[in-house]
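Chemist: mmCIF, C-alpha atoms, saved as protein18.cif, coming up:
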```
data_work
loop_
_atom_site.label_atom_id
_atom_site.label_comp_id
_atom_site.auth_asym_id
_atom_site.auth_seq_id
_atom_site.Cartn_x
_atom_site.Cartn_y
_atom_site.Cartn_z
CA MET A 1 37.40 1.24 154.89
CA THR A 2 37.55 2.83 158.32
CA LYS A 3 37.12 6.63 158.31
CA PRO A 4 40.03 8.47 160.15
CA ASN A 5 39.23 10.37 163.31
CA ASN A 6 39.51 14.00 162.04
CA ARG A 7 39.06 15.42 165.53
CA PHE A 8 42.06 13.51 166.94
CA SER A 9 44.30 14.39 163.99
CA SER A 10 43.55 18.10 164.23
CA PHE A 11 44.28 18.12 167.92
CA ALA A 12 47.63 16.35 167.46
CA LEU A 13 48.70 18.73 164.72
CA LEU A 14 47.75 21.76 166.82
CA GLN A 15 49.76 20.46 169.77
CA THR A 16 52.77 20.00 167.52
CA PHE A 17 52.62 23.65 166.42
CA ILE A 18 52.31 24.90 169.98
CA ASN A 19 55.32 22.85 171.15
CA SER A 20 57.37 24.10 168.22
CA TRP A 21 56.52 27.79 169.05
CA ARG A 22 57.55 27.35 172.72
CA VAL A 23 60.95 26.01 171.75
CA THR A 24 61.68 29.10 169.65
CA GLN A 25 60.97 31.58 172.49
CA PRO A 26 63.94 32.82 174.65
CA GLN A 27 63.90 31.65 178.25
CA PRO A 28 63.58 34.24 181.05
CA GLU A 29 66.95 33.26 182.46
CA ARG A 30 68.66 34.01 179.12
CA VAL A 31 67.03 37.40 178.81
CA SER A 32 68.11 38.30 182.36
CA MET A 33 71.73 37.32 181.65
CA ALA A 34 71.80 39.36 178.44
CA LEU A 35 70.75 42.51 180.29
CA SER A 36 73.09 42.08 183.22
CA SER A 37 76.17 41.23 181.20
CA SER A 38 75.77 44.02 178.66
CA TRP A 39 75.01 46.89 181.11
CA SER A 40 77.46 49.72 181.40
CA PRO A 41 77.24 53.37 182.68
CA THR A 42 77.18 54.71 179.15
CA LEU A 43 75.21 52.02 177.29
CA LEU A 44 71.95 50.35 178.26
CA THR A 45 70.46 47.51 176.09
CA THR A 46 66.90 46.23 176.46
CA THR A 47 65.12 43.41 174.64
CA GLN A 48 61.47 43.78 173.64
CA PHE A 49 59.33 41.09 172.17
CA SER A 50 56.78 41.37 169.45
CA SER A 51 53.13 41.01 170.32
CA PRO A 52 51.79 37.56 171.24
CA PRO A 53 50.35 35.23 168.56
CA LYS A 54 47.28 36.57 166.86
CA LEU A 55 44.41 34.52 165.63
CA VAL A 56 43.72 35.20 161.97
CA HIS A 57 40.39 34.11 160.45
CA SER A 58 40.79 31.55 157.73
CA HIS A 59 38.80 28.79 156.13
CA SER A 60 41.21 26.20 157.49
CA PRO A 61 41.20 25.71 161.30
CA LEU A 62 44.79 24.51 161.25
CA THR A 63 46.24 27.50 159.41
CA SER A 64 44.51 30.21 161.41
CA LEU A 65 47.34 30.60 163.92
CA THR A 66 50.44 32.77 163.14
CA PHE A 67 53.55 32.93 165.33
CA PRO A 68 56.61 35.29 165.43
CA SER A 69 59.76 33.59 164.34
CA LYS A 70 62.23 35.78 166.33
CA PRO A 71 61.98 38.45 169.05
CA THR A 72 62.70 42.00 167.98
CA THR A 73 65.49 43.90 169.77
CA THR A 74 65.65 47.66 170.37
CA THR A 75 68.93 49.25 171.56
CA THR A 76 68.83 52.50 173.53
CA ARG A 77 72.10 54.39 174.11
CA THR A 78 72.40 56.82 177.00
CA VAL A 79 75.71 58.68 176.81
CA VAL A 80 76.97 60.27 180.00
CA PRO A 81 78.96 63.36 178.90
CA ALA A 82 82.49 63.61 180.19
CA LEU A 83 83.24 66.47 182.58
CA SER A 84 84.42 69.35 180.45
CA HIS A 85 87.85 70.89 180.97
CA LYS A 86 86.26 74.25 181.66
CA TRP A 87 84.07 72.85 184.44
CA ARG A 88 87.02 70.97 185.94
CA ALA A 89 88.91 74.24 186.03
CA ARG A 90 86.05 75.87 187.90
CA ILE A 91 85.96 73.09 190.45
CA SER A 92 89.70 73.31 191.09
CA PHE A 93 89.40 77.09 191.36
CA PHE A 94 86.99 77.05 194.29
CA PRO A 95 89.41 75.80 197.00
CA ALA A 96 92.02 78.41 196.05
CA PHE A 97 89.36 81.11 195.96
CA LEU A 98 87.95 80.17 199.35
CA SER A 99 91.30 79.68 201.09
CA LYS A 100 92.55 82.71 202.92
CA GLY A 101 95.93 84.05 201.82
CA LYS A 102 98.76 84.87 204.19
CA ASP A 103 98.95 88.38 205.55
CA ALA A 104 101.87 90.76 205.04
CA LYS A 105 103.34 90.12 208.50
CA THR A 106 103.57 86.37 207.94
CA LEU A 107 105.03 86.79 204.45
CA LYS A 108 107.62 89.29 205.72
CA GLU A 109 108.75 86.78 208.35
CA GLU A 110 109.07 84.07 205.72
CA LEU A 111 111.01 86.38 203.45
CA LEU A 112 113.44 87.49 206.16
CA ASP A 113 114.01 83.87 207.17
CA ALA A 114 114.68 82.92 203.53
CA ILE A 115 117.38 85.58 203.01
CA ALA A 116 118.96 85.50 206.48
CA SER A 117 121.79 83.11 205.56
CA LEU A 118 122.43 84.32 201.99
CA ASP A 119 124.91 87.15 202.73
CA ARG A 120 122.66 89.75 201.08
CA GLY A 121 122.35 87.43 198.07
CA ALA A 122 126.06 86.76 197.42
CA ASP A 123 125.68 83.13 198.56
CA ALA A 124 122.31 82.53 196.91
CA THR A 125 121.98 79.63 194.49
CA PRO A 126 119.52 79.80 191.57
CA GLU A 127 117.13 77.73 193.69
CA ASP A 128 117.49 80.22 196.56
CA GLN A 129 116.81 83.13 194.22
CA LEU A 130 113.69 81.45 192.88
CA ALA A 131 112.36 80.72 196.37
CA VAL A 132 113.01 84.30 197.51
CA ASP A 133 111.36 85.71 194.39
CA GLN A 134 108.23 83.59 194.90
CA ILE A 135 107.79 84.79 198.49
CA THR A 136 108.52 88.37 197.45
CA ARG A 137 105.82 88.31 194.77
CA LYS A 138 103.26 87.16 197.31
CA LEU A 139 104.32 90.01 199.57
CA GLU A 140 104.14 92.53 196.73
CA ALA A 141 100.55 91.47 196.09
CA VAL A 142 99.51 92.63 199.58
CA THR A 143 101.47 95.89 199.77
CA PRO A 144 99.66 98.39 202.02
CA VAL A 145 100.95 101.39 200.02
CA LYS A 146 99.72 101.42 196.43
CA GLU A 147 101.33 104.75 195.47
CA PRO A 148 104.69 104.89 197.28
CA LEU A 149 105.90 108.09 195.59
CA LYS A 150 103.01 109.88 197.31
CA SER A 151 103.84 108.39 200.70
CA GLY A 152 106.16 109.77 203.37
CA LEU A 153 107.16 106.20 204.24
CA LEU A 154 109.59 106.18 201.32
CA ASP A 155 111.83 108.90 202.79
CA GLY A 156 115.00 108.04 204.69
CA LYS A 157 118.03 105.77 204.71
CA TRP A 158 117.54 102.10 203.92
CA GLU A 159 119.91 99.18 204.51
CA LEU A 160 120.20 96.56 201.77
CA LEU A 161 119.23 93.10 203.03
CA TYR A 162 119.18 91.21 199.74
CA THR A 163 119.72 91.77 196.02
CA THR A 164 120.32 89.80 192.84
CA SER A 165 122.59 92.56 191.42
CA LYS A 166 126.13 91.19 191.07
CA SER A 167 127.59 94.66 190.57
CA ILE A 168 126.29 95.84 193.94
CA LEU A 169 127.28 92.60 195.66
CA GLN A 170 130.76 92.89 194.05
CA THR A 171 130.94 89.12 193.68
CA GLY A 172 133.86 89.53 191.28
CA ARG A 173 136.08 90.78 194.12
CA PRO A 174 137.64 88.81 196.96
CA LYS A 175 135.29 88.80 199.92
CA PHE A 176 137.53 90.96 202.11
CA LEU A 177 137.38 93.78 199.49
CA ARG A 178 133.59 93.85 199.31
CA SER A 179 131.48 96.45 201.10
CA ARG A 180 130.24 95.07 204.40
CA VAL A 181 126.97 97.04 204.36
CA ASN A 182 125.17 98.90 201.58
CA TYR A 183 122.63 101.71 201.99
CA GLN A 184 120.21 103.57 199.78
CA ALA A 185 118.55 106.88 200.66
CA ILE A 186 115.56 108.55 199.00
CA ASN A 187 113.92 111.93 199.53
CA VAL A 188 110.62 112.28 197.71
CA ASP A 189 110.28 116.04 198.18
CA THR A 190 113.58 116.80 196.39
CA LEU A 191 113.48 113.71 194.12
CA ARG A 192 117.02 112.79 195.12
CA ALA A 193 118.60 109.40 195.83
CA GLN A 194 121.97 108.15 197.10
CA ASN A 195 123.72 104.79 197.22
CA MET A 196 126.46 104.26 199.84
CA GLU A 197 129.00 101.54 200.55
CA SER A 198 130.69 100.94 203.90
CA TRP A 199 134.17 99.75 204.81
CA PRO A 200 136.55 99.15 203.11
CA THR A 201 135.51 101.23 200.05
CA PHE A 202 133.07 103.93 201.29
CA ASN A 203 132.10 104.76 197.71
CA GLN A 204 128.96 106.81 197.06
CA VAL A 205 126.81 107.93 194.14
CA THR A 206 123.94 110.43 194.00
CA ALA A 207 121.12 110.67 191.45
CA ASP A 208 118.13 112.68 190.30
CA LEU A 209 114.75 110.96 190.14
CA THR A 210 112.01 111.55 187.60
CA PRO A 211 108.60 110.00 188.40
CA LEU A 212 107.18 107.80 185.64
CA ASN A 213 104.07 106.90 187.63
CA ALA A 214 103.04 106.67 191.29
CA ARG A 215 105.48 103.83 192.00
CA LYS A 216 108.22 104.02 189.37
CA VAL A 217 111.04 106.51 188.73
CA ALA A 218 113.72 107.09 186.12
CA VAL A 219 117.19 107.38 187.71
CA LYS A 220 119.92 109.67 186.37
CA PHE A 221 123.21 109.42 188.31
CA ASP A 222 125.15 112.67 188.57
CA TYR A 223 128.22 112.26 190.83
CA PHE A 224 130.32 109.43 192.21
CA LYS A 225 132.43 109.91 195.31
CA ILE A 226 135.50 107.70 195.48
CA ALA A 227 136.16 106.65 199.07
CA GLY A 228 133.48 109.17 200.00
CA LEU A 229 135.88 112.07 199.28
CA ILE A 230 136.77 112.46 195.58
CA PRO A 231 133.84 113.56 193.38
CA VAL A 232 133.67 112.26 189.82
CA LYS A 233 130.95 113.29 187.38
CA ALA A 234 128.93 110.32 186.22
CA PRO A 235 128.74 109.62 182.46
CA ASP A 236 125.48 110.43 180.71
CA ARG A 237 124.79 106.73 180.11
CA ALA A 238 124.59 106.12 183.89
CA ARG A 239 120.82 105.78 183.92
CA GLY A 240 118.22 103.32 185.03
CA GLU A 241 114.73 102.80 186.41
CA LEU A 242 113.46 101.73 189.81
CA GLU A 243 110.00 100.51 190.77
CA ILE A 244 108.88 100.33 194.42
CA THR A 245 106.72 97.20 194.59
CA TYR A 246 106.25 96.93 198.37
CA LEU A 247 106.40 99.55 201.12
CA ASP A 248 105.53 99.78 204.80
CA GLU A 249 106.97 101.39 207.93
CA GLU A 250 110.04 99.14 208.03
CA LEU A 251 110.48 97.22 204.78
CA ARG A 252 110.81 98.18 201.13
CA VAL A 253 111.00 96.04 198.00
CA SER A 254 112.16 97.47 194.67
CA ARG A 255 112.84 96.08 191.20
CA GLY A 256 115.25 97.55 188.67
CA ASP A 257 114.93 97.83 184.91
CA LYS A 258 117.47 95.02 184.45
CA GLY A 259 115.32 92.60 186.44
CA ASN A 260 117.23 92.85 189.71
CA LEU A 261 115.45 92.56 193.05
CA PHE A 262 116.25 94.75 196.07
CA ILE A 263 115.00 94.19 199.62
CA LEU A 264 115.79 96.87 202.20
CA LYS A 265 114.91 97.81 205.78
CA LEU A 266 114.56 101.38 207.09
CA VAL A 267 117.35 102.48 209.47
CA ASP A 268 117.02 106.31 209.52
CA PRO A 269 113.78 107.99 208.39
CA SER A 270 115.25 111.50 208.91
CA TYR A 271 118.26 111.12 206.59
CA ARG A 272 118.62 113.79 203.88
CA VAL A 273 120.31 113.21 200.53
CA PRO A 274 122.83 115.96 199.55
CA VAL A 275 121.47 118.34 196.92
#
```
The structure in this file should be written as structure tokens.

Modeler:
Amino acid sequence: MTKPNNRFSSFALLQTFINSWRVTQPQPERVSMALSSSWSPTLLTTTQFSSPPKLVHSHSPLTSLTFPSKPTTTTTRTVVPALSHKWRARISFFPAFLSKGKDAKTLKEELLDAIASLDRGADATPEDQLAVDQITRKLEAVTPVKEPLKSGLLDGKWELLYTTSKSILQTGRPKFLRSRVNYQAINVDTLRAQNMESWPTFNQVTADLTPLNARKVAVKFDYFKIAGLIPVKAPDRARGELEITYLDEELRVSRGDKGNLFILKLVDPSYRVPV
């Protein structure tokens, strides 16, 4: 009997194992596609392979080789934190902080333009009132006189340019019976004030002022004058409060305790209120 060639058989068997191991390994193109298709800004996936085949000593030359059956995969997650609401607020704050606000002169011009066609407020719509109030608040924020009751600029006779008070505007009357011009006078040294209507009514009222702080007074009316001639004592309930929120050499803004807004211009700084 012919003895088989052991050397040739061992070689063929070894080649068969090597070919089988190559088939089980992932191709470079497949690995590249897996990385590129699964990449995202918040998740990165990488594939790592186990160590190459190791030669293990054994009595049998054909069983001394060991091969990995599958590659091992390790997933690494890198989470990019979302921009917090607080930081977004800081970013949006910077432009407003760095932008220069309008000065008092510019705001006064805007305010006078806004009220010019409103007949002192009698023709103002709710939208008009809101627009005027927004401009006024910006102007109040830049008032040059922080303590008006300590300033001589408050003294004198002021003409009403705009108000939200329906009682002063007399909107319940026909237009031809409404006062054409309204005035208010204040004297800080005597703490007296006076409201005056013009034609066709000429009504007046005087009041005592009591300072509540450097810009706000309590108002206690004492006498009405019907048609500017007939005095009538005011009832005790005829009271109110007035806060001066803006003051300069020509313009004054005040707010009443009932939420009404008053915008006035100075017409006679020497006027004295009757004591």

Chemist: What do you get, as JSON, numbers by chain, if you spell out every residue that the PyMOL selection byres ((chain A and resi 203-214) around 6) selects here?

Modeler: {"A": [147, 149, 191, 192, 193, 194, 195, 196, 197, 201, 202, 215, 216, 217, 218, 219, 220, 221, 222, 223, 224, 225, 226, 227, 228]}

Chemist: Written as a ChimeraX atom specification, which residues does the PyMOL selection byres ((chain A and resi 132-137) around 8) give for the file shown?

Modeler: /A:107,110-111,114-115,128-131,138-141

Chemist: Please indicate the distance in Å from CA of Arg239 (chain A) to CA of Thr171 (chain A), rounded to one decimal place.

Modeler: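 Distance reported for this atom pair: 21.8 Å.
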
Chemist: Could you state which residues are captured by the PyMOL selection byres ((chain A and resi 261) around 8) in this file, as a list in words?

Modeler: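 Those residues are Tyr162, Thr163, Thr164, Ser165, Val253, Ser254, Arg255, Gly256, Gly259, Asn260, Phe262 and Ile263 of chain A.
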
Chemist: Using only C-alpha atoms for the distances, tell me which of A:Asp103, A:Val267, A:Thr143, A:Ala122 is nearest to Pro174 (chain A).

Modeler: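 That would be A:Ala122, the residue with the smallest distance to Pro174 (chain A).
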
Chemist: Rounded to one decimal place, report the CA of Lys166 (chain A)-CA of Asp113 (chain A) distance in Å.

Modeler: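 Answer for the CA of Lys166 (chain A) to CA of Asp113 (chain A) separation: 21.4 Å.
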
Chemist: Please, what distance in Å, to one decimal, runs between CA of Gly156 (chain A) and CA of Asn182 (chain A)?

Modeler: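 Calculated distance between CA of Gly156 (chain A) and CA of Asn182 (chain A) is 14.0 Å.
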
Chemist: Counting only C-alpha atoms, which of A:Pro200, A:Trp158, A:Lys146, A:Lys105 gets nearest to Phe176 (chain A)?

Modeler: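 Nearest candidate to Phe176 (chain A) out of A:Pro200, A:Trp158, A:Lys146, A:Lys105: A:Pro200.
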
Chemist: Under the rule that all atoms listed in the file are counted, which of A:Gly172, A:Lys258, A:Ile230, A:Arg252 is the nearest residue to Gln184 (chain A)?

Modeler: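 That would be A:Arg252, the residue with the smallest distance to Gln184 (chain A).
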
Chemist: Give me, as an MDAnalysis selection string, all polymer residues having an atom no more than 9 Å from Pro148 (chain A), counting only C-alpha atoms and skipping those fewer than 2 positions away in the same chain.

Modeler: chainID A and resid 145:146 150:154 214:216 244:247

Chemist: Hey, which of A:Glu250, A:Ser167, A:Gly101, A:Asp155 ends up closest to Leu266 (chain A)? Count all atoms listed in the file.

Modeler: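 Of A:Glu250, A:Ser167, A:Gly101, A:Asp155, the one nearest Leu266 (chain A) is A:Glu250, counting all atoms listed in the file.
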
Chemist: With N, CA, C and O atoms as the goal, would you fill in the gaps in region 242-257 of chain A and present it as a compact mmCIF listing (two decimals), in the coordinates of the input?

Modeler:
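File written: rebuild_26.txt
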```
# COMPACT_ATOMS: atom_id res chain seq x y z
N LEU A 242 113.69 102.43 188.56
CA LEU A 242 113.46 101.73 189.81
C LEU A 242 111.97 101.77 190.13
O LEU A 242 111.35 102.84 190.12
N GLU A 243 111.41 100.61 190.41
CA GLU A 243 110.00 100.51 190.77
C GLU A 243 109.87 100.02 192.21
O GLU A 243 110.46 99.00 192.59
N ILE A 244 109.11 100.72 193.02
CA ILE A 244 108.88 100.33 194.42
C ILE A 244 107.64 99.45 194.43
O ILE A 244 106.52 99.92 194.19
N THR A 245 107.81 98.17 194.69
CA THR A 245 106.72 97.20 194.59
C THR A 245 106.10 96.83 195.93
O THR A 245 105.01 96.26 195.98
N TYR A 246 106.81 97.13 197.02
CA TYR A 246 106.25 96.93 198.37
C TYR A 246 106.82 97.99 199.30
O TYR A 246 108.02 98.31 199.24
N LEU A 247 105.96 98.52 200.18
CA LEU A 247 106.40 99.55 201.12
C LEU A 247 105.53 99.54 202.37
O LEU A 247 104.30 99.52 202.27
N ASP A 248 106.21 99.54 203.53
CA ASP A 248 105.53 99.78 204.80
C ASP A 248 106.47 100.55 205.72
O ASP A 248 107.46 101.12 205.24
N GLU A 249 106.19 100.57 207.01
CA GLU A 249 106.97 101.39 207.93
C GLU A 249 108.40 100.92 208.13
O GLU A 249 109.25 101.66 208.64
N GLU A 250 108.70 99.67 207.75
CA GLU A 250 110.04 99.14 208.03
C GLU A 250 110.69 98.39 206.88
O GLU A 250 111.89 98.13 206.91
N LEU A 251 109.93 98.03 205.86
CA LEU A 251 110.48 97.22 204.78
C LEU A 251 110.10 97.81 203.42
O LEU A 251 109.00 98.32 203.25
N ARG A 252 111.06 97.73 202.50
CA ARG A 252 110.81 98.18 201.13
C ARG A 252 111.35 97.16 200.15
O ARG A 252 112.44 96.60 200.34
N VAL A 253 110.59 96.92 199.09
CA VAL A 253 111.00 96.04 198.00
C VAL A 253 110.98 96.85 196.72
O VAL A 253 110.01 97.55 196.42
N SER A 254 112.07 96.75 195.95
CA SER A 254 112.16 97.47 194.67
C SER A 254 112.68 96.52 193.60
O SER A 254 113.37 95.54 193.90
N ARG A 255 112.35 96.85 192.35
CA ARG A 255 112.84 96.08 191.20
C ARG A 255 113.40 97.05 190.18
O ARG A 255 112.78 98.07 189.86
N GLY A 256 114.58 96.71 189.65
CA GLY A 256 115.25 97.55 188.67
C GLY A 256 114.87 97.20 187.25
O GLY A 256 114.23 96.17 186.99
N ASP A 257 115.27 98.06 186.31
CA ASP A 257 114.93 97.83 184.91
C ASP A 257 115.69 96.67 184.29
O ASP A 257 115.34 96.20 183.20
```
